[in-house]
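Next up, my_file.txt (compact mmCIF, C-alpha atoms and all ligand atoms):
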# COMPACT_ATOMS: atom_id res chain seq x y z
CA MET A 234 39.40 13.22 35.90
CA LYS A 235 38.04 10.11 37.61
CA LEU A 236 36.36 7.44 35.49
CA VAL A 237 32.73 6.50 36.09
CA PRO A 238 32.71 3.19 38.00
CA ARG A 239 31.74 0.25 35.79
CA LEU A 240 30.07 -1.64 38.68
CA ALA A 241 30.82 -4.80 36.73
CA GLU A 242 28.48 -5.99 33.99
CA GLN A 243 25.55 -5.92 36.45
CA GLY A 244 25.53 -2.12 36.38
CA TYR A 245 21.90 -2.04 35.24
CA ARG A 246 20.35 -3.36 38.45
CA ASN A 247 18.42 -0.53 40.08
CA ASP A 248 20.51 -0.63 43.27
CA LEU A 249 23.72 -0.41 41.22
CA VAL A 250 22.32 2.45 39.16
CA ALA A 251 21.57 4.22 42.47
CA GLU A 252 25.12 3.52 43.63
CA ARG A 253 26.55 5.07 40.47
CA ARG A 254 24.25 8.07 40.86
CA ALA A 255 25.33 8.56 44.49
CA TRP A 256 28.96 8.45 43.34
CA MET A 257 28.20 11.12 40.76
CA THR A 258 26.47 13.26 43.41
CA ALA A 259 29.57 12.96 45.54
CA GLN A 260 31.78 13.99 42.60
CA THR A 261 29.69 16.95 41.44
CA GLY A 262 27.49 18.14 44.28
CA SER A 263 24.33 17.86 42.15
CA PRO A 264 21.64 16.04 44.16
CA LEU A 265 20.28 14.27 41.02
CA GLN A 266 16.90 13.96 42.69
CA HIS A 267 14.88 14.18 39.45
CA VAL A 268 17.34 12.07 37.52
CA GLY A 269 16.85 9.38 40.15
CA THR A 270 13.03 9.46 40.16
CA PHE A 271 11.72 7.13 37.46
CA SER A 272 9.63 4.05 36.79
CA LEU A 273 11.74 2.45 34.06
CA ASP A 274 13.31 -0.89 34.78
CA MET A 275 16.95 -0.15 34.06
CA GLU A 276 17.60 -3.78 33.15
CA ALA A 277 15.31 -3.15 30.15
CA CYS A 278 17.69 -0.40 29.06
CA ARG A 279 20.59 -2.75 28.28
CA GLY A 280 21.40 -2.09 24.64
CA ASN A 281 20.14 1.49 24.93
CA ILE A 282 22.51 3.18 27.40
CA GLU A 283 25.80 2.66 29.18
CA ASN A 284 26.79 3.89 32.65
CA PRO A 285 23.11 4.58 33.53
CA ILE A 286 22.41 6.93 36.45
CA GLY A 287 18.68 7.51 35.87
CA VAL A 288 16.38 9.24 33.43
CA ALA A 289 16.37 12.66 31.74
CA GLN A 290 12.82 13.96 31.95
CA ILE A 291 11.27 16.08 29.20
CA PRO A 292 7.71 17.42 29.57
CA LEU A 293 5.20 15.61 27.38
CA GLY A 294 2.20 17.30 25.79
CA VAL A 295 -0.48 16.09 23.46
CA ALA A 296 -1.89 17.76 20.34
CA GLY A 297 -4.95 16.91 18.29
CA PRO A 298 -7.28 15.67 17.11
CA LEU A 299 -5.45 15.11 13.83
CA ARG A 300 -7.38 13.42 11.02
CA VAL A 301 -5.05 11.32 8.88
CA LEU A 302 -6.28 9.87 5.60
CA GLY A 303 -3.51 7.46 4.80
CA GLU A 304 -3.24 3.88 3.63
CA HIS A 305 -2.29 2.64 7.09
CA ILE A 306 -4.49 4.91 9.17
CA GLU A 307 -7.80 6.53 8.34
CA GLY A 308 -9.07 8.38 11.39
CA ASP A 309 -8.29 10.80 14.18
CA VAL A 310 -5.29 10.58 16.51
CA TYR A 311 -3.78 12.57 19.34
CA VAL A 312 -0.06 13.08 18.92
CA PRO A 313 2.38 13.03 21.88
CA LEU A 314 5.06 15.72 21.71
CA ALA A 315 7.94 15.95 24.20
CA THR A 316 9.52 19.38 24.25
CA THR A 317 10.59 22.31 26.37
CA GLU A 318 9.73 24.85 23.67
CA GLY A 319 6.65 26.70 24.82
CA ALA A 320 4.10 27.42 22.05
CA LEU A 321 5.15 24.34 20.06
CA VAL A 322 2.35 22.01 21.14
CA ARG A 323 -0.26 24.77 20.89
CA SER A 324 0.98 25.67 17.41
CA TYR A 325 0.92 22.08 16.12
CA GLU A 326 -2.51 21.65 17.64
CA ARG A 327 -3.80 24.70 15.77
CA GLY A 328 -2.58 23.20 12.51
CA MET A 329 -4.06 19.81 13.38
CA VAL A 330 -7.47 21.25 14.20
CA THR A 331 -7.39 23.22 10.95
CA LEU A 332 -6.58 20.06 9.00
CA THR A 333 -9.21 18.00 10.80
CA ARG A 334 -11.95 20.62 10.28
CA SER A 335 -10.90 20.71 6.61
CA GLY A 336 -11.51 16.97 6.23
CA GLY A 337 -8.05 15.68 7.12
CA ALA A 338 -4.56 15.30 5.69
CA THR A 339 -4.17 12.84 2.83
CA VAL A 340 -0.92 10.90 3.17
CA ARG A 341 0.87 8.54 0.80
CA LEU A 342 4.07 6.58 1.18
CA GLU A 343 6.23 6.25 -1.93
CA ARG A 344 9.36 4.44 -0.76
CA ASP A 345 10.26 2.40 2.29
CA GLU A 346 13.94 1.54 2.57
CA ASN A 347 17.18 2.25 4.36
CA ARG A 348 20.71 2.07 3.07
CA VAL A 349 24.34 1.46 3.94
CA CYS A 350 26.92 2.68 1.43
CA PRO A 351 30.36 1.11 1.83
CA LEU A 352 33.28 2.13 -0.33
CA PHE A 353 35.69 -0.22 -2.08
CA MET A 354 39.22 0.98 -2.87
CA PHE A 355 41.27 0.06 -5.95
CA ASP A 356 44.73 0.79 -7.30
CA ASP A 357 43.51 2.75 -10.30
CA VAL A 358 40.37 3.88 -12.10
CA ALA A 359 40.45 0.90 -14.48
CA ALA A 360 40.32 -1.61 -11.61
CA ALA A 361 37.55 0.38 -9.95
CA ALA A 362 35.55 0.47 -13.20
CA ASP A 363 36.02 -3.25 -13.63
CA PHE A 364 34.56 -3.88 -10.15
CA ALA A 365 31.67 -1.45 -10.75
CA ARG A 366 30.78 -3.33 -13.95
CA ARG A 367 31.06 -6.83 -12.47
CA LEU A 368 29.37 -6.41 -9.08
CA PRO A 369 25.71 -6.05 -10.23
CA ALA A 370 25.84 -9.55 -11.74
CA HIS A 371 26.43 -10.92 -8.21
CA LEU A 372 23.27 -9.40 -6.72
CA GLU A 373 21.59 -12.71 -5.90
CA GLU A 374 24.68 -14.11 -4.13
CA VAL A 375 25.24 -10.86 -2.22
CA ARG A 376 21.57 -10.84 -1.22
CA ALA A 377 21.76 -14.42 0.04
CA VAL A 378 24.80 -13.63 2.21
CA ALA A 379 23.38 -10.36 3.58
CA GLN A 380 20.08 -11.98 4.50
CA THR A 381 21.73 -14.73 6.54
CA THR A 382 22.21 -12.10 9.26
CA THR A 383 18.58 -10.93 9.58
CA SER A 384 15.16 -12.50 9.41
CA HIS A 385 13.37 -9.20 8.74
CA GLY A 386 15.74 -7.25 6.48
CA ARG A 387 15.61 -7.71 2.70
CA LEU A 388 18.25 -6.47 0.27
CA LEU A 389 16.32 -4.69 -2.50
CA ARG A 390 19.16 -3.70 -4.85
CA LEU A 391 22.75 -2.56 -5.23
CA ASP A 392 23.51 0.85 -6.75
CA VAL A 393 27.09 1.35 -7.88
CA GLN A 394 28.89 4.70 -8.27
CA GLN A 395 32.54 5.08 -9.22
CA VAL A 396 34.36 8.16 -7.91
CA GLY A 397 38.01 8.25 -8.96
CA ARG A 398 39.56 4.93 -7.95
CA GLU A 399 36.88 4.29 -5.31
CA VAL A 400 33.52 2.62 -5.81
CA ILE A 401 30.61 3.50 -3.51
CA VAL A 402 28.02 0.72 -3.38
CA THR A 403 24.57 1.54 -2.00
CA PHE A 404 23.01 -1.48 -0.32
CA ALA A 405 19.29 -0.63 -0.23
CA TYR A 406 17.15 -2.67 2.20
CA PHE A 407 13.60 -3.03 3.34
CA THR A 408 13.83 -3.04 7.17
CA GLY A 409 10.26 -3.82 8.26
CA ASP A 410 9.18 -1.93 11.37
CA ALA A 411 12.76 -1.25 12.48
CA GLN A 412 14.81 1.84 11.66
CA GLY A 413 17.29 -0.85 10.76
CA MET A 414 20.79 0.58 11.03
CA ASN A 415 22.08 -2.14 13.36
CA MET A 416 20.31 -4.71 11.20
CA ILE A 417 21.63 -3.56 7.83
CA VAL A 418 25.14 -2.59 8.87
CA LYS A 419 25.58 -6.18 10.07
CA ALA A 420 24.13 -7.54 6.82
CA THR A 421 26.30 -5.24 4.70
CA GLU A 422 29.47 -6.07 6.60
CA ALA A 423 28.83 -9.78 5.94
CA ALA A 424 28.18 -9.09 2.25
CA CYS A 425 31.35 -7.00 1.90
CA GLN A 426 33.42 -9.76 3.50
CA TRP A 427 31.92 -12.17 0.95
CA ILE A 428 32.80 -9.80 -1.91
CA VAL A 429 36.40 -9.68 -0.71
CA GLY A 430 36.43 -13.45 -0.20
CA GLN A 431 35.40 -13.91 -3.83
CA GLY A 432 38.36 -11.81 -4.98
CA LEU A 433 36.12 -9.11 -6.47
CA ALA A 434 37.79 -6.48 -4.24
CA THR A 435 40.45 -6.40 -1.56
CA ARG A 436 39.75 -3.36 0.59
CA PHE A 437 36.60 -1.65 1.85
CA TYR A 438 35.22 0.64 4.55
CA THR A 439 31.65 -0.03 5.68
CA PHE A 440 30.79 3.68 5.67
CA SER A 441 31.71 5.86 2.70
CA GLY A 442 29.92 9.00 3.95
CA TYR A 443 27.31 8.74 1.21
CA ASN A 444 24.49 7.18 3.21
CA SER A 445 23.66 10.42 5.09
CA GLU A 446 22.62 8.71 8.31
CA LYS A 447 22.13 11.48 10.88
CA ARG A 448 23.51 14.07 8.46
CA ALA A 449 21.76 16.39 6.04
CA SER A 450 22.81 16.02 2.40
CA GLY A 451 21.58 16.77 -1.07
CA SER A 452 21.22 13.07 -1.89
CA LEU A 453 18.43 12.80 0.69
CA MET A 454 16.11 14.81 -1.54
CA ALA A 455 15.85 11.85 -3.90
CA GLY A 456 14.94 9.49 -1.04
CA GLY A 457 16.46 6.14 -0.17
CA LYS A 458 17.27 6.89 3.47
CA GLY A 459 14.12 5.86 5.34
CA LYS A 460 10.56 6.39 4.20
CA LYS A 461 9.46 8.84 1.53
CA VAL A 462 6.11 10.26 2.65
CA VAL A 463 3.95 13.01 1.19
CA ALA A 464 1.01 14.69 2.96
CA GLY A 465 -1.39 17.29 1.57
CA ALA A 466 -4.72 18.97 2.24
CA THR A 467 -7.09 21.57 0.88
CA ILE A 468 -7.87 24.19 3.52
CA PRO A 469 -11.06 26.06 2.65
CA ARG A 470 -10.55 29.83 2.58
CA ARG A 471 -12.98 30.44 5.45
CA LEU A 472 -11.18 27.91 7.69
CA ALA A 473 -7.79 29.38 6.82
CA LYS A 474 -9.05 32.77 7.91
CA ALA A 475 -10.85 31.48 11.02
CA TYR A 476 -8.15 29.15 12.40
CA LEU A 477 -4.94 30.41 10.83
CA HIS A 478 -5.80 34.12 10.66
CA ALA A 479 -4.39 34.22 7.15
CA THR A 480 -5.80 34.06 3.64
CA PRO A 481 -4.59 31.47 1.11
CA GLU A 482 -2.99 34.34 -0.83
CA ALA A 483 -1.08 35.52 2.25
CA LEU A 484 0.28 32.01 2.87
CA HIS A 485 1.21 31.55 -0.78
CA HIS A 486 2.90 34.96 -0.80
CA LEU A 487 4.95 34.07 2.27
CA TRP A 488 5.96 30.76 0.68
CA GLN A 489 6.96 32.44 -2.59
CA ARG A 490 8.89 35.29 -1.02
CA THR A 491 10.91 33.16 1.37
CA VAL A 492 12.28 30.97 -1.43
CA ILE A 493 14.99 33.59 -2.00
CA GLY A 494 16.28 33.40 1.56
CA HIS A 495 16.47 29.62 1.35
CA LEU A 496 18.33 29.82 -1.97
CA GLN A 497 20.68 32.43 -0.57
CA THR A 498 21.66 30.14 2.30
CA ALA A 499 21.84 27.06 0.03
CA ALA A 500 19.26 25.26 2.19
CA LEU A 501 18.63 21.57 1.51
CA GLY A 502 14.94 21.43 0.73
CA TYR A 503 12.50 24.13 1.75
CA ASN A 504 10.48 23.91 4.93
CA GLY A 505 9.59 26.06 7.91
CA HIS A 506 10.44 23.87 10.87
CA PHE A 507 10.19 20.14 10.19
CA ALA A 508 12.86 19.64 12.88
CA ASN A 509 10.58 20.97 15.63
CA GLY A 510 7.77 18.45 15.25
CA LEU A 511 10.15 15.63 14.41
CA THR A 512 12.28 16.18 17.50
CA ALA A 513 9.30 16.39 19.86
CA LEU A 514 7.65 13.30 18.35
CA PHE A 515 10.94 11.37 18.25
CA ILE A 516 11.69 12.06 21.93
CA ALA A 517 8.14 11.05 22.92
CA CYS A 518 8.20 7.84 20.89
CA GLY A 519 11.72 6.55 21.54
CA GLN A 520 13.05 7.23 18.06
CA ASP A 521 16.75 7.92 17.56
CA VAL A 522 16.61 11.70 17.83
CA ALA A 523 19.79 12.14 15.79
CA ASN A 524 17.80 10.92 12.77
CA VAL A 525 16.13 14.34 12.77
CA ALA A 526 19.21 15.46 10.82
CA ASN A 527 18.22 13.38 7.78
CA SER A 528 14.45 13.33 8.37
CA ALA A 529 14.14 17.12 8.44
CA VAL A 530 15.32 17.51 4.85
CA GLY A 531 12.18 18.08 2.78
CA ILE A 532 9.79 20.46 1.08
CA THR A 533 6.70 22.41 2.09
CA HIS A 534 4.43 23.90 -0.55
CA PHE A 535 1.56 26.42 -0.17
CA GLU A 536 -0.61 27.13 -3.23
CA VAL A 537 -3.89 28.89 -3.96
CA THR A 538 -6.37 26.62 -5.72
CA THR A 539 -8.48 27.78 -8.66
CA GLY A 540 -11.41 27.91 -6.21
CA GLY A 541 -9.50 30.33 -3.95
CA ASP A 542 -8.70 27.81 -1.19
CA LEU A 543 -5.27 26.85 0.15
CA TYR A 544 -3.52 23.64 -0.93
CA ALA A 545 -0.71 22.78 1.46
CA SER A 546 1.66 19.83 1.19
CA VAL A 547 4.81 18.46 2.78
CA THR A 548 7.25 16.02 1.20
CA LEU A 549 9.56 14.04 3.47
CA PRO A 550 11.97 12.11 1.28
CA SER A 551 14.11 10.53 4.00
CA LEU A 552 12.08 9.98 7.15
CA SER A 553 13.52 7.54 9.72
CA VAL A 554 10.81 6.15 12.03
CA ALA A 555 10.39 2.79 13.72
CA THR A 556 8.06 0.93 16.06
CA VAL A 557 10.40 -1.99 16.76
CA GLY A 558 13.99 -1.88 18.04
CA GLY A 559 16.08 1.01 19.37
CA GLY A 560 14.25 2.81 22.19
CA THR A 561 10.72 2.14 20.92
CA GLY A 562 9.93 -0.54 23.52
CA LEU A 563 10.94 1.44 26.60
CA GLY A 564 8.31 2.61 29.14
CA SER A 565 6.95 5.98 28.06
CA SER A 566 8.07 5.51 24.42
CA HIS A 567 5.97 2.38 24.13
CA GLU A 568 3.01 4.10 25.78
CA CYS A 569 3.21 7.05 23.38
CA LEU A 570 3.31 4.70 20.37
CA GLN A 571 0.34 2.84 21.86
CA MET A 572 -1.60 6.12 22.11
CA MET A 573 -1.43 6.36 18.33
CA GLY A 574 -2.00 2.66 17.70
CA CYS A 575 1.54 2.30 16.39
CA ALA A 576 3.35 0.15 18.96
CA GLY A 577 5.27 -2.87 17.77
CA THR A 578 5.02 -5.02 14.67
CA GLY A 579 3.04 -3.51 11.82
CA GLY A 580 3.11 0.04 13.24
CA ALA A 581 5.92 1.76 11.30
CA LEU A 582 3.98 2.78 8.20
CA ARG A 583 1.14 4.13 10.31
CA LEU A 584 3.68 6.12 12.36
CA ALA A 585 5.23 7.48 9.15
CA GLU A 586 1.82 8.68 7.93
CA ILE A 587 0.98 10.30 11.29
CA THR A 588 4.41 11.98 11.33
CA ALA A 589 3.90 13.49 7.88
CA ALA A 590 0.43 14.78 8.80
CA THR A 591 1.84 16.22 12.04
CA LEU A 592 4.54 18.10 10.13
CA LEU A 593 1.95 19.43 7.69
CA ALA A 594 0.01 20.79 10.67
CA GLY A 595 3.17 22.41 12.00
CA GLU A 596 4.00 24.04 8.68
CA LEU A 597 0.49 25.48 8.37
CA SER A 598 0.52 26.99 11.83
CA PHE A 599 4.09 28.30 11.64
CA GLY A 600 3.51 29.77 8.17
CA ALA A 601 0.29 31.37 9.33
CA ALA A 602 1.96 32.89 12.40
CA LEU A 603 4.56 34.51 10.12
CA ALA A 604 2.03 35.63 7.51
CA SER A 605 -0.22 37.22 10.13
CA HIS A 606 2.69 38.62 12.19
CA GLU A 607 1.41 36.73 15.27
CA PHE A 608 4.63 34.74 15.74
CA VAL A 609 6.22 36.93 18.42
CA GLU A 610 2.94 37.38 20.28
CA ALA A 611 2.35 33.62 20.37
CA HIS A 612 5.79 33.02 21.83
CA GLU A 613 5.35 35.84 24.33
CA THR A 614 2.09 34.20 25.45
CA TYR A 615 3.20 30.55 25.55
CA GLY A 616 6.89 30.30 25.01
CA ARG A 617 8.85 32.50 27.41
CA ASN A 618 10.54 31.21 30.52
CA ARG A 619 12.78 33.94 31.77
CA PRO A 620 14.66 32.99 34.93
CA ALA A 621 13.50 34.78 38.07
CA GLU A 622 15.55 37.88 38.83
CA GLU A 623 18.18 37.06 41.39
CA THR A 624 18.25 39.34 44.39
CA PRO A 625 21.70 40.74 45.02
P1 LIG A 701 17.77 -3.00 16.80
O1 LIG A 701 17.11 -2.75 18.10
O2 LIG A 701 19.24 -3.14 16.81
O3 LIG A 701 17.22 -4.33 16.06
C1 LIG A 701 15.89 -4.50 15.74
C2 LIG A 701 15.69 -5.96 15.39
O4 LIG A 701 14.37 -6.34 15.71
C3 LIG A 701 15.76 -6.23 13.91
O5 LIG A 701 17.07 -6.33 13.46
C4 LIG A 701 15.00 -7.55 13.77
O6 LIG A 701 15.85 -8.66 14.00
C5 LIG A 701 14.06 -7.51 14.98
N1 LIG A 701 12.63 -7.39 14.58
C6 LIG A 701 11.61 -8.01 15.23
N2 LIG A 701 10.44 -7.69 14.67
C7 LIG A 701 10.70 -6.87 13.62
C8 LIG A 701 9.90 -6.21 12.67
N3 LIG A 701 8.56 -6.32 12.66
N4 LIG A 701 10.50 -5.44 11.75
C9 LIG A 701 11.83 -5.30 11.73
N5 LIG A 701 12.65 -5.91 12.60
C10 LIG A 701 12.11 -6.69 13.56
O7 LIG A 701 17.28 -1.83 15.86
P2 LIG A 701 17.73 -1.37 14.41
O8 LIG A 701 16.50 -0.76 13.86
O9 LIG A 701 18.45 -2.39 13.62
O10 LIG A 701 18.78 -0.25 14.70
C11 LIG A 701 18.34 0.96 15.22
C12 LIG A 701 19.29 1.38 16.26
O11 LIG A 701 20.59 1.40 15.64
C13 LIG A 701 19.03 2.75 16.76
O12 LIG A 701 18.93 2.69 18.17
C14 LIG A 701 20.26 3.53 16.36
O13 LIG A 701 20.68 4.40 17.35
C15 LIG A 701 21.29 2.50 16.14
N6 LIG A 701 22.24 2.90 15.10
C16 LIG A 701 23.18 2.03 14.71
C17 LIG A 701 24.08 2.41 13.74
C18 LIG A 701 25.11 1.46 13.27
O14 LIG A 701 25.87 1.85 12.41
N7 LIG A 701 25.17 0.24 13.78
C19 LIG A 701 24.07 3.66 13.18
C20 LIG A 701 23.11 4.53 13.57
C21 LIG A 701 22.19 4.13 14.53
P3 LIG A 701 16.49 -9.48 12.77
O15 LIG A 701 17.36 -8.49 12.02
O16 LIG A 701 17.27 -10.52 13.44
O17 LIG A 701 15.37 -9.98 11.92
Representation of the structure as structure tokens:
Amino acid sequence: MKLVPRLAEQGYRNDLVAERRAWMTAQTGSPLQHVGTFSLDMEACRGNIENPIGVAQIPLGVAGPLRVLGEHIEGDVYVPLATTEGALVRSYERGMVTLTRSGGATVRLERDENRVCPLFMFDDVAAAADFARRLPAHLEEVRAVAQTTTSHGRLLRLDVQQVGREVIVTFAYFTGDAQGMNMIVKATEAACQWIVGQGLATRFYTFSGYNSEKRASGSLMAGGKGKKVVAGATIPRRLAKAYLHATPEALHHLWQRTVIGHLQTAALGYNGHFANGLTALFIACGQDVANVANSAVGITHFEVTTGGDLYASVTLPSLSVATVGGGTGLGSSHECLQMMGCAGTGGALRLAEITAATLLAGELSFGAALASHEFVEAHETYGRNRPAEETP
């Protein structure tokens, strides 16, 4: 197998990207015409991609209006969704219109932090216990060291857990508008080196496996990995019937009866398809799409109110979203964030609230499609893309 040419460190200049693409065409026979048609300045992609040959294009749709009644947005937005799953945008839009006609989705943010969880290794459980007892007293010094590496990150606390002769230390940070992993891994590495330098420990790994970055885990349900956001709305019975084609009782019944299946499969959380809306929104807005793995752990709840209406809510304990850093500043990502008034500094909490309201819309529409048995029909109408029959 031949290696992709490095084209020196200047491999981001558009002519060099074209040269690499032409080489790949010669190797594979694929013309790469669409890959090579783009408006991004590849120099701006340094830090986002290596060996660039162009751009992968995903269709972008828009759904809305979505009324969000949060603490960082109070108003209507249109939400960009990048996907190749037919019926997805239409389905989210149905939920959004239902929410908006019902007065909007109320959203609240409970926690805003990200974590890195290194492990420290000791010779025996007594030494590990000694470290676990002594470390919390050094919080201020550890904080001072960690924060020398970042002007935006703040170390909130240290949580210590001993497991056998290892100690897992959760470094919990506020990361501003950034998702923060580059920021806080650097800060944590510096803090761990300081801990070793002080003779408190001798050996550590920066990642213990506990932090659940880009992995689903039970610990995510309690929050601490990203933003904890909750969205809810009352859907009047007549609007549920008109827009969702389902009564509040039918939606509650579906919710109640599908608990068993989720228990049987040992699901983490309980939701219909958080991953769908998250993935489409993340691709559109330059989020790290792999963070869907942790962000999609959460709970949806459908209830019938005493007045006979539907109360629907979603709880996202570990949502990773950002408006600064990563891919958020690149071309179409920046434009999509701008569409929602979220681009750049000060936009992350607004984006988190819009994301939660979007997922609530998706849960309503998906649940309704199942309750009314319209799911297959909707996909037949909007979501099929069978390849043309090949003639022999
Ligand atoms: P980043 O693009 O590496 O850095 C963002 C930087 O922007 C911050 O560190 C901060 O610099 C600066 N900044 C300016 N204005 C800010 C504001 N208003 N709020 C917060 N920061 C502001 O992004 P990141 O969020 O740290 O890291 C996300 C990326 O890390 C993703 O692309 C992800 O793929 C990648 N990642 C890394 C790891 C890892 O282990 N290293 C793991 C998973 C993912 P200062 O810190 O200097 O203040």
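Here CA of His485 in chain A and CA of Gly540 in chain A stand 14.2 Å from one another.
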Could you report the residues within 6 Å of ligand LIG 701 (chain A), using only C-alpha atoms and all ligand atoms, as a short mmCIF file (atom, residue, chain, number, x, y, z; two decimals) with C-alpha atoms, keeping the file's coordinate frame?
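Just written: part-v8.cif:
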data_model
loop_
_atom_site.label_atom_id
_atom_site.label_comp_id
_atom_site.auth_asym_id
_atom_site.auth_seq_id
_atom_site.Cartn_x
_atom_site.Cartn_y
_atom_site.Cartn_z
CA THR A 383 18.58 -10.93 9.58
CA SER A 384 15.16 -12.50 9.41
CA HIS A 385 13.37 -9.20 8.74
CA GLY A 386 15.74 -7.25 6.48
CA THR A 408 13.83 -3.04 7.17
CA GLY A 409 10.26 -3.82 8.26
CA ASP A 410 9.18 -1.93 11.37
CA ALA A 411 12.76 -1.25 12.48
CA GLN A 412 14.81 1.84 11.66
CA GLY A 413 17.29 -0.85 10.76
CA MET A 414 20.79 0.58 11.03
CA ASN A 415 22.08 -2.14 13.36
CA MET A 416 20.31 -4.71 11.20
CA VAL A 418 25.14 -2.59 8.87
CA ASP A 521 16.75 7.92 17.56
CA VAL A 557 10.40 -1.99 16.76
CA GLY A 558 13.99 -1.88 18.04
CA GLY A 559 16.08 1.01 19.37
CA THR A 578 5.02 -5.02 14.67
#
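Close contacts of Thr316 in chain A, defined as residues with an atom at most 10 Å away when counting all atoms listed in the file, with chain neighbours fewer than 2 positions off set aside, comprise Gln290, Ile291, Pro292, Leu293, Gly294, Pro313, Leu314, Glu318, Gly319, Ala320, Leu321, Val322, Asn509, Gly510, Thr512, Ala513, Leu514, Ile516 and Ala517 of chain A.
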So how many Å separate CA of Gly457 in chain A and CA of Ala523 in chain A, to one decimal? 17.4 Å
Distance criterion (only C-alpha atoms): nearest to Ser272 in chain A out of A:Leu453, A:Leu563, A:Val609, A:Leu487: A:Leu563
Sorted by chain and rising residue number, which residues of range 503-582 of chain A lie within 10 Å of range 598-607 of chain A, and what are their closest atom pairs and distances in Å to one decimal, counting only C-alpha atoms, as a tab-separated table?
residue	atom	partner	partner_atom	distance
A:Asn504	CA	A:Gly600	CA	9.7
A:Gly505	CA	A:Phe599	CA	7.0
A:His506	CA	A:Phe599	CA	7.8
A:Phe535	CA	A:Gly600	CA	9.2
